[in-house]
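Accompanying notes for the structure given below.
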Amino acid sequence: MTERTFSIIKPDATKRNLTGKINAVIEESGLRIVAQRRIRMTQEEAEDFYDVHRERPFYGELVEFMISEPVVVQVLQGDNAVARYREVMGATNPAQAADGTIRKLFALSVGENSVHGSDSVDNAKIEIAQFFDEADIVG
Ligand code: GDP
């Protein structure tokens, strides 16, 4: 079924000029980039976005990381896009990520792991709505 998922190319990747290389992996997987914008996240946006992790010991570090450099926010579309992109990203910790995944190829550590992808269709809708107007998504 055709779905949409929300993706972020994180600061460790934009800083190393990896946007194009990561987009190539996304496109080669069959997912389509139907909206994309480079932004500097505000502290409030990063705190809201990762609210689910507020009680975790790495929350402060995570928020600081996400506002440390520009990020690229994206909407990806395709068959089973949510699960498909989780596969394409690989495990959270790059040491455990499968060969060929974005995190295996590019991530530096469990924190600086190059990309975000929604973990459910419901969360994808919420996350997309935080950063995009429907009119800016061209499927
Ligand atoms: P994801 O869905 O694979 O991105 O993983 P999670 O939802 O578990 O964690 C969200 C994000 O928090 C991860 O992508 C990392 O950037 C960060 N994170 C997770 N675990 C750690 C950790 O142990 N230390 C640090 N610094 N960041 C972490």
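Each chain in the structure tokens gets a letter, A, B and so on, in the order shown; residues start at 1 in every chain, and ligands are counted from 1 in the order they appear.
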
Fill in: Contacts of region 52-63 of chain A within 12 Å, only C-alpha atoms, excl. fewer than 3 positions in-chain, as an MDAnalysis selection string
chainID A and resid 10:12 41:49 66:69 110:113 123

Item to complete: With a distance cut-off of 8 Å and only C-alpha atoms, select the neighbouring residues of Ala124 (chain A), excluding the residue or stretch itself and same-chain residues fewer than 3 positions from it, and output the selection as a list in words.
Response: Arg4, Thr5, Phe6, Val82, Ser118, Asp119, Ser120, Val121, Glu127 and Ile128 of chain A

Let me see the file: selected residues, C-alpha atoms, as a PDB file, in the first residue's frame.
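Done, and the output landed in result_7.pdb:
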ATOM      1  CA  ARG A   4       4.175   8.392   3.393  1.00  0.00           C
ATOM      2  CA  THR A   5       6.867   8.558   6.031  1.00  0.00           C
ATOM      3  CA  PHE A   6       8.811  11.434   7.565  1.00  0.00           C
ATOM      4  CA  VAL A  82       7.274   3.489   6.930  1.00  0.00           C
ATOM      5  CA  SER A 118       8.979   7.521  11.536  1.00  0.00           C
ATOM      6  CA  ASP A 119       8.245   4.302  13.436  1.00  0.00           C
ATOM      7  CA  SER A 120       4.527   4.037  12.557  1.00  0.00           C
ATOM      8  CA  VAL A 121       2.008   5.377  10.057  1.00  0.00           C
ATOM      9  CA  GLU A 127       5.671  14.299  12.219  1.00  0.00           C
ATOM     10  CA  ILE A 128       4.901  15.332   8.616  1.00  0.00           C
TER      11      ILE A 128
END

Item to complete: Taking the chain letters and numbering used in this document, name the residues of chain A that DSSP puts in strand (DSSP E or B), as a VMD selection string.
Response: chain A and resid 2 to 9 32 to 39 71 to 79 115 to 117

Practice prompt. Mind the document's chain letters and residue numbers, and return as a PyMOL selection string the residues of region 21-55 of chain A that DSSP labels helix (DSSP H, G or I).
Written response: chain A and resi 21-28+43-49+51-53

Worksheet, complete the sentence: CA of Ser29 (chain A) to atom 6 (P, counted along the ligand's line) of ligand 1 measures 21.9 Å

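Comparing the minimum interatomic distances between Glu87 (chain A) and each of A:Asp122, A:Glu3, A:Ile26, A:Val73, counting only C-alpha atoms, we find that A:Ile26 sits nearest.
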
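Taking CA of Ala83 (chain A) as the reference point, CA of Met1 (chain A) is found at 11.3 Å.
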
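Using only C-alpha atoms, the contacts of Asp99 (chain A) at a cut-off of 10 Å, with sequence neighbours closer than 6 positions omitted, comprise A:Val88, A:Gly90, A:Leu105.
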
Just N, CA and C atoms for this one: save the residues we selected as a PDB file, in the first residue's frame.
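Okay, selection_26.pdb is ready:
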ATOM      1  N   VAL A  88      15.783   0.596   5.208  1.00  0.00           N
ATOM      2  CA  VAL A  88      16.812   1.315   4.449  1.00  0.00           C
ATOM      3  C   VAL A  88      17.749   2.077   5.404  1.00  0.00           C
ATOM      4  N   GLY A  90      18.448   1.172   8.639  1.00  0.00           N
ATOM      5  CA  GLY A  90      19.222   0.244   9.461  1.00  0.00           C
ATOM      6  C   GLY A  90      19.026   0.507  10.941  1.00  0.00           C
ATOM      7  N   LEU A 105      26.405   2.698   6.333  1.00  0.00           N
ATOM      8  CA  LEU A 105      27.277   3.407   5.396  1.00  0.00           C
ATOM      9  C   LEU A 105      27.833   4.709   5.985  1.00  0.00           C
TER      10      LEU A 105
END

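CA of Ile9 (chain A) sits 10.8 Å away from CA of Lys21 (chain A).
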
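Distances here use only C-alpha atoms and all ligand atoms; by that measure, the residue among A:Ala135, A:Leu76, A:Met89, A:Ala24 closest to ligand 1 is A:Met89.
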
Practice prompt. With a distance cut-off of 9 Å and only C-alpha atoms, select the neighbouring residues of Leu31 (chain A), excluding the residue or stretch itself and same-chain residues fewer than 2 positions from it, and output the selection as a count of residues only.
Written response: 12

For Ser114 (chain A), list every protein, DNA or RNA residue within 12 Å, evaluated using only C-alpha atoms, and leave out those in the same chain fewer than 5 positions away; present the list as an mmCIF file with all heavy atoms, in the first residue's frame.
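result-v5.cif was written with the following content:
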data_model
loop_
_atom_site.group_PDB
_atom_site.id
_atom_site.type_symbol
_atom_site.label_atom_id
_atom_site.label_comp_id
_atom_site.auth_asym_id
_atom_site.auth_seq_id
_atom_site.Cartn_x
_atom_site.Cartn_y
_atom_site.Cartn_z
ATOM 1 N N SER A 7 11.161 11.802 7.184
ATOM 2 C CA SER A 7 12.599 11.545 7.305
ATOM 3 C C SER A 7 13.320 12.837 7.687
ATOM 4 O O SER A 7 12.905 13.929 7.290
ATOM 5 C CB SER A 7 13.114 11.049 5.945
ATOM 6 O OG SER A 7 14.517 11.148 5.845
ATOM 7 N N ILE A 8 14.390 12.681 8.450
ATOM 8 C CA ILE A 8 15.301 13.809 8.697
ATOM 9 C C ILE A 8 16.721 13.351 8.382
ATOM 10 O O ILE A 8 17.155 12.302 8.873
ATOM 11 C CB ILE A 8 15.274 14.297 10.162
ATOM 12 C CG1 ILE A 8 13.867 14.657 10.623
ATOM 13 C CG2 ILE A 8 16.217 15.497 10.333
ATOM 14 C CD1 ILE A 8 13.788 15.058 12.107
ATOM 15 N N ILE A 9 17.410 14.133 7.567
ATOM 16 C CA ILE A 9 18.860 13.953 7.431
ATOM 17 C C ILE A 9 19.471 14.815 8.529
ATOM 18 O O ILE A 9 19.297 16.034 8.568
ATOM 19 C CB ILE A 9 19.351 14.337 6.022
ATOM 20 C CG1 ILE A 9 18.635 13.468 4.977
ATOM 21 C CG2 ILE A 9 20.867 14.183 5.927
ATOM 22 C CD1 ILE A 9 19.010 13.781 3.533
ATOM 23 N N LYS A 10 20.135 14.150 9.478
ATOM 24 C CA LYS A 10 20.526 14.776 10.739
ATOM 25 C C LYS A 10 21.831 15.584 10.604
ATOM 26 O O LYS A 10 22.566 15.455 9.614
ATOM 27 C CB LYS A 10 20.677 13.697 11.808
ATOM 28 C CG LYS A 10 19.358 13.003 12.180
ATOM 29 C CD LYS A 10 19.580 12.006 13.315
ATOM 30 C CE LYS A 10 18.303 11.344 13.756
ATOM 31 N NZ LYS A 10 18.543 10.396 14.870
ATOM 32 N N PRO A 11 22.148 16.395 11.636
ATOM 33 C CA PRO A 11 23.304 17.290 11.574
ATOM 34 C C PRO A 11 24.643 16.620 11.258
ATOM 35 O O PRO A 11 25.471 17.211 10.546
ATOM 36 C CB PRO A 11 23.333 17.922 12.971
ATOM 37 C CG PRO A 11 21.896 17.976 13.355
ATOM 38 C CD PRO A 11 21.323 16.680 12.838
ATOM 39 N N ASP A 12 24.878 15.422 11.764
ATOM 40 C CA ASP A 12 26.184 14.793 11.477
ATOM 41 C C ASP A 12 26.349 14.565 9.980
ATOM 42 O O ASP A 12 27.464 14.608 9.448
ATOM 43 C CB ASP A 12 26.346 13.463 12.237
ATOM 44 C CG ASP A 12 25.381 12.396 11.757
ATOM 45 O OD1 ASP A 12 24.192 12.457 12.132
ATOM 46 O OD2 ASP A 12 25.779 11.528 10.975
ATOM 47 N N ALA A 13 25.220 14.331 9.292
ATOM 48 C CA ALA A 13 25.264 14.054 7.849
ATOM 49 C C ALA A 13 25.307 15.341 7.023
ATOM 50 O O ALA A 13 26.101 15.442 6.075
ATOM 51 C CB ALA A 13 24.066 13.198 7.456
ATOM 52 N N THR A 14 24.482 16.332 7.382
ATOM 53 C CA THR A 14 24.528 17.589 6.605
ATOM 54 C C THR A 14 25.904 18.238 6.746
ATOM 55 O O THR A 14 26.445 18.783 5.788
ATOM 56 C CB THR A 14 23.439 18.596 7.049
ATOM 57 O OG1 THR A 14 23.631 18.936 8.419
ATOM 58 C CG2 THR A 14 22.050 18.037 6.833
ATOM 59 N N LYS A 15 26.478 18.130 7.947
ATOM 60 C CA LYS A 15 27.799 18.723 8.208
ATOM 61 C C LYS A 15 28.872 18.113 7.312
ATOM 62 O O LYS A 15 29.804 18.788 6.888
ATOM 63 C CB LYS A 15 28.144 18.482 9.683
ATOM 64 C CG LYS A 15 29.371 19.213 10.162
ATOM 65 C CD LYS A 15 29.553 18.986 11.654
ATOM 66 C CE LYS A 15 30.717 19.798 12.179
ATOM 67 N NZ LYS A 15 30.837 19.658 13.633
ATOM 68 N N ARG A 16 28.725 16.812 7.008
ATOM 69 C CA ARG A 16 29.721 16.122 6.179
ATOM 70 C C ARG A 16 29.328 16.106 4.702
ATOM 71 O O ARG A 16 29.911 15.352 3.912
ATOM 72 C CB ARG A 16 29.930 14.693 6.719
ATOM 73 C CG ARG A 16 30.658 14.662 8.061
ATOM 74 C CD ARG A 16 30.779 13.242 8.596
ATOM 75 N NE ARG A 16 29.486 12.728 9.018
ATOM 76 C CZ ARG A 16 29.114 11.449 8.958
ATOM 77 N NH1 ARG A 16 29.946 10.541 8.488
ATOM 78 N NH2 ARG A 16 27.916 11.078 9.361
ATOM 79 N N ASN A 17 28.328 16.944 4.323
ATOM 80 C CA ASN A 17 27.926 17.062 2.911
ATOM 81 C C ASN A 17 27.414 15.742 2.341
ATOM 82 O O ASN A 17 27.713 15.408 1.192
ATOM 83 C CB ASN A 17 29.111 17.550 2.068
ATOM 84 C CG ASN A 17 28.915 18.975 1.587
ATOM 85 O OD1 ASN A 17 27.924 19.622 1.928
ATOM 86 N ND2 ASN A 17 29.839 19.456 0.785
ATOM 87 N N LEU A 18 26.632 15.013 3.143
ATOM 88 C CA LEU A 18 26.161 13.692 2.712
ATOM 89 C C LEU A 18 24.710 13.683 2.234
ATOM 90 O O LEU A 18 24.159 12.611 1.961
ATOM 91 C CB LEU A 18 26.324 12.683 3.866
ATOM 92 C CG LEU A 18 27.771 12.359 4.233
ATOM 93 C CD1 LEU A 18 27.821 11.528 5.510
ATOM 94 C CD2 LEU A 18 28.458 11.626 3.084
ATOM 95 N N THR A 19 24.087 14.859 2.115
ATOM 96 C CA THR A 19 22.669 14.899 1.723
ATOM 97 C C THR A 19 22.436 14.149 0.403
ATOM 98 O O THR A 19 21.527 13.319 0.297
ATOM 99 C CB THR A 19 22.185 16.357 1.601
ATOM 100 O OG1 THR A 19 22.345 16.987 2.874
ATOM 101 C CG2 THR A 19 20.722 16.422 1.197
ATOM 102 N N LYS A 21 24.312 11.881 -1.134
ATOM 103 C CA LYS A 21 24.595 10.432 -1.054
ATOM 104 C C LYS A 21 23.466 9.696 -0.336
ATOM 105 O O LYS A 21 23.100 8.585 -0.724
ATOM 106 C CB LYS A 21 25.926 10.186 -0.331
ATOM 107 C CG LYS A 21 27.125 10.551 -1.198
ATOM 108 C CD LYS A 21 28.408 9.962 -0.643
ATOM 109 C CE LYS A 21 29.532 10.114 -1.665
ATOM 110 N NZ LYS A 21 30.726 10.754 -1.136
ATOM 111 N N ILE A 22 22.939 10.305 0.721
ATOM 112 C CA ILE A 22 21.819 9.668 1.433
ATOM 113 C C ILE A 22 20.573 9.664 0.546
ATOM 114 O O ILE A 22 19.874 8.647 0.458
ATOM 115 C CB ILE A 22 21.585 10.365 2.791
ATOM 116 C CG1 ILE A 22 22.752 10.022 3.727
ATOM 117 C CG2 ILE A 22 20.237 9.973 3.394
ATOM 118 C CD1 ILE A 22 22.773 10.764 5.034
ATOM 119 N N ASN A 23 20.322 10.762 -0.151
ATOM 120 C CA ASN A 23 19.167 10.774 -1.060
ATOM 121 C C ASN A 23 19.310 9.722 -2.150
ATOM 122 O O ASN A 23 18.311 9.121 -2.577
ATOM 123 C CB ASN A 23 18.975 12.170 -1.660
ATOM 124 C CG ASN A 23 18.259 13.106 -0.698
ATOM 125 O OD1 ASN A 23 17.728 12.665 0.319
ATOM 126 N ND2 ASN A 23 18.236 14.387 -1.029
ATOM 127 N N PHE A 65 22.170 18.118 19.828
ATOM 128 C CA PHE A 65 22.676 17.605 18.549
ATOM 129 C C PHE A 65 21.789 18.054 17.392
ATOM 130 O O PHE A 65 22.287 18.538 16.364
ATOM 131 C CB PHE A 65 22.743 16.071 18.624
ATOM 132 C CG PHE A 65 22.965 15.381 17.310
ATOM 133 C CD1 PHE A 65 24.070 15.676 16.524
ATOM 134 C CD2 PHE A 65 22.058 14.427 16.852
ATOM 135 C CE1 PHE A 65 24.269 15.034 15.301
ATOM 136 C CE2 PHE A 65 22.255 13.784 15.648
ATOM 137 C CZ PHE A 65 23.356 14.089 14.865
ATOM 138 N N MET A 66 20.471 17.936 17.554
ATOM 139 C CA MET A 66 19.555 18.220 16.440
ATOM 140 C C MET A 66 19.521 19.697 16.049
ATOM 141 O O MET A 66 19.108 20.020 14.938
ATOM 142 C CB MET A 66 18.141 17.731 16.787
ATOM 143 C CG MET A 66 18.016 16.220 16.875
ATOM 144 S SD MET A 66 18.505 15.331 15.374
ATOM 145 C CE MET A 66 17.147 15.746 14.275
ATOM 146 N N VAL A 71 19.404 20.695 9.308
ATOM 147 C CA VAL A 71 18.906 19.357 8.979
ATOM 148 C C VAL A 71 18.086 19.469 7.691
ATOM 149 O O VAL A 71 17.686 20.564 7.296
ATOM 150 C CB VAL A 71 18.024 18.757 10.104
ATOM 151 C CG1 VAL A 71 18.811 18.596 11.389
ATOM 152 C CG2 VAL A 71 16.758 19.574 10.320
ATOM 153 N N VAL A 72 17.855 18.319 7.053
ATOM 154 C CA VAL A 72 16.968 18.282 5.888
ATOM 155 C C VAL A 72 15.756 17.444 6.262
ATOM 156 O O VAL A 72 15.900 16.253 6.574
ATOM 157 C CB VAL A 72 17.694 17.701 4.653
ATOM 158 C CG1 VAL A 72 16.725 17.600 3.471
ATOM 159 C CG2 VAL A 72 18.897 18.560 4.280
ATOM 160 N N MET A 89 17.193 2.584 6.523
ATOM 161 C CA MET A 89 18.017 3.293 7.513
ATOM 162 C C MET A 89 18.945 2.342 8.252
ATOM 163 O O MET A 89 20.082 2.688 8.545
ATOM 164 C CB MET A 89 17.134 3.971 8.578
ATOM 165 C CG MET A 89 16.348 5.153 8.088
ATOM 166 S SD MET A 89 15.716 6.120 9.477
ATOM 167 C CE MET A 89 14.785 4.907 10.375
ATOM 168 N N GLY A 90 18.448 1.172 8.639
ATOM 169 C CA GLY A 90 19.222 0.244 9.461
ATOM 170 C C GLY A 90 19.026 0.507 10.941
ATOM 171 O O GLY A 90 18.353 1.459 11.339
ATOM 172 N N ALA A 91 19.639 -0.333 11.774
ATOM 173 C CA ALA A 91 19.468 -0.252 13.227
ATOM 174 C C ALA A 91 19.947 1.094 13.778
ATOM 175 O O ALA A 91 20.856 1.714 13.224
ATOM 176 C CB ALA A 91 20.245 -1.388 13.897
ATOM 177 N N THR A 92 19.323 1.515 14.897
ATOM 178 C CA THR A 92 19.661 2.794 15.547
ATOM 179 C C THR A 92 21.161 2.917 15.775
ATOM 180 O O THR A 92 21.751 3.965 15.511
ATOM 181 C CB THR A 92 18.926 2.891 16.906
ATOM 182 O OG1 THR A 92 17.534 2.644 16.685
ATOM 183 C CG2 THR A 92 19.125 4.252 17.546
ATOM 184 N N ASN A 93 21.767 1.838 16.293
ATOM 185 C CA ASN A 93 23.216 1.814 16.528
ATOM 186 C C ASN A 93 23.910 1.308 15.259
ATOM 187 O O ASN A 93 23.709 0.164 14.860
ATOM 188 C CB ASN A 93 23.519 0.889 17.703
ATOM 189 C CG ASN A 93 24.985 0.898 18.064
ATOM 190 O OD1 ASN A 93 25.822 1.347 17.277
ATOM 191 N ND2 ASN A 93 25.303 0.405 19.240
ATOM 192 N N PRO A 94 24.718 2.147 14.619
ATOM 193 C CA PRO A 94 25.332 1.741 13.348
ATOM 194 C C PRO A 94 26.169 0.471 13.454
ATOM 195 O O PRO A 94 26.325 -0.254 12.473
ATOM 196 C CB PRO A 94 26.196 2.943 12.946
ATOM 197 C CG PRO A 94 26.317 3.785 14.165
ATOM 198 C CD PRO A 94 25.114 3.508 15.019
ATOM 199 N N THR A 101 22.819 -0.366 4.521
ATOM 200 C CA THR A 101 21.868 0.593 5.099
ATOM 201 C C THR A 101 22.546 1.951 5.271
ATOM 202 O O THR A 101 23.781 2.045 5.329
ATOM 203 C CB THR A 101 21.344 0.104 6.461
ATOM 204 O OG1 THR A 101 22.455 -0.022 7.372
ATOM 205 C CG2 THR A 101 20.640 -1.246 6.338
ATOM 206 N N ILE A 102 21.719 2.977 5.360
ATOM 207 C CA ILE A 102 22.250 4.345 5.486
ATOM 208 C C ILE A 102 23.118 4.459 6.735
ATOM 209 O O ILE A 102 24.209 5.035 6.711
ATOM 210 C CB ILE A 102 21.097 5.369 5.520
ATOM 211 C CG1 ILE A 102 20.398 5.419 4.162
ATOM 212 C CG2 ILE A 102 21.622 6.764 5.907
ATOM 213 C CD1 ILE A 102 19.096 6.222 4.142
ATOM 214 N N ARG A 103 22.632 3.903 7.846
ATOM 215 C CA ARG A 103 23.393 4.031 9.089
ATOM 216 C C ARG A 103 24.702 3.243 9.045
ATOM 217 O O ARG A 103 25.719 3.696 9.572
ATOM 218 C CB ARG A 103 22.514 3.657 10.280
ATOM 219 C CG ARG A 103 21.510 4.781 10.591
ATOM 220 C CD ARG A 103 20.436 4.347 11.528
ATOM 221 N NE ARG A 103 19.664 5.474 12.065
ATOM 222 C CZ ARG A 103 18.529 5.338 12.725
ATOM 223 N NH1 ARG A 103 18.022 4.126 12.940
ATOM 224 N NH2 ARG A 103 17.887 6.395 13.179
ATOM 225 N N LYS A 104 24.683 2.065 8.402
ATOM 226 C CA LYS A 104 25.937 1.309 8.264
ATOM 227 C C LYS A 104 26.932 2.085 7.394
ATOM 228 O O LYS A 104 28.128 2.160 7.691
ATOM 229 C CB LYS A 104 25.645 -0.054 7.640
ATOM 230 C CG LYS A 104 26.857 -0.898 7.356
ATOM 231 C CD LYS A 104 27.444 -1.449 8.630
ATOM 232 C CE LYS A 104 28.530 -2.471 8.328
ATOM 233 N NZ LYS A 104 28.825 -3.273 9.523
ATOM 234 N N LEU A 105 26.405 2.698 6.333
ATOM 235 C CA LEU A 105 27.277 3.407 5.396
ATOM 236 C C LEU A 105 27.833 4.709 5.985
ATOM 237 O O LEU A 105 28.991 5.048 5.743
ATOM 238 C CB LEU A 105 26.505 3.745 4.108
ATOM 239 C CG LEU A 105 26.187 2.578 3.176
ATOM 240 C CD1 LEU A 105 25.135 2.995 2.143
ATOM 241 C CD2 LEU A 105 27.460 2.108 2.468
ATOM 242 N N PHE A 106 26.990 5.446 6.734
ATOM 243 C CA PHE A 106 27.348 6.831 7.051
ATOM 244 C C PHE A 106 27.355 7.211 8.533
ATOM 245 O O PHE A 106 28.002 8.197 8.893
ATOM 246 C CB PHE A 106 26.375 7.782 6.335
ATOM 247 C CG PHE A 106 26.324 7.592 4.850
ATOM 248 C CD1 PHE A 106 25.161 7.186 4.214
ATOM 249 C CD2 PHE A 106 27.457 7.806 4.066
ATOM 250 C CE1 PHE A 106 25.102 7.009 2.837
ATOM 251 C CE2 PHE A 106 27.419 7.631 2.693
ATOM 252 C CZ PHE A 106 26.247 7.232 2.071
ATOM 253 N N ALA A 107 26.631 6.486 9.406
ATOM 254 C CA ALA A 107 26.465 6.967 10.778
ATOM 255 C C ALA A 107 27.763 6.874 11.580
ATOM 256 O O ALA A 107 28.615 6.011 11.320
ATOM 257 C CB ALA A 107 25.364 6.183 11.482
ATOM 258 N N LEU A 108 27.880 7.767 12.568
ATOM 259 C CA LEU A 108 29.094 7.852 13.390
ATOM 260 C C LEU A 108 28.935 7.124 14.719
ATOM 261 O O LEU A 108 29.900 6.606 15.264
ATOM 262 C CB LEU A 108 29.424 9.317 13.659
ATOM 263 C CG LEU A 108 29.689 10.186 12.429
ATOM 264 C CD1 LEU A 108 29.886 11.643 12.849
ATOM 265 C CD2 LEU A 108 30.913 9.677 11.671
ATOM 266 N N SER A 109 27.718 7.119 15.258
ATOM 267 C CA SER A 109 27.478 6.537 16.591
ATOM 268 C C SER A 109 25.971 6.372 16.788
ATOM 269 O O SER A 109 25.189 6.819 15.941
ATOM 270 C CB SER A 109 28.036 7.468 17.670
ATOM 271 O OG SER A 109 27.286 8.675 17.681
#

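Residue nearest ligand 1, chosen from A:Ala97, A:Val75, A:Ile137, A:Val25 and counting only C-alpha atoms and all ligand atoms: A:Ala97.
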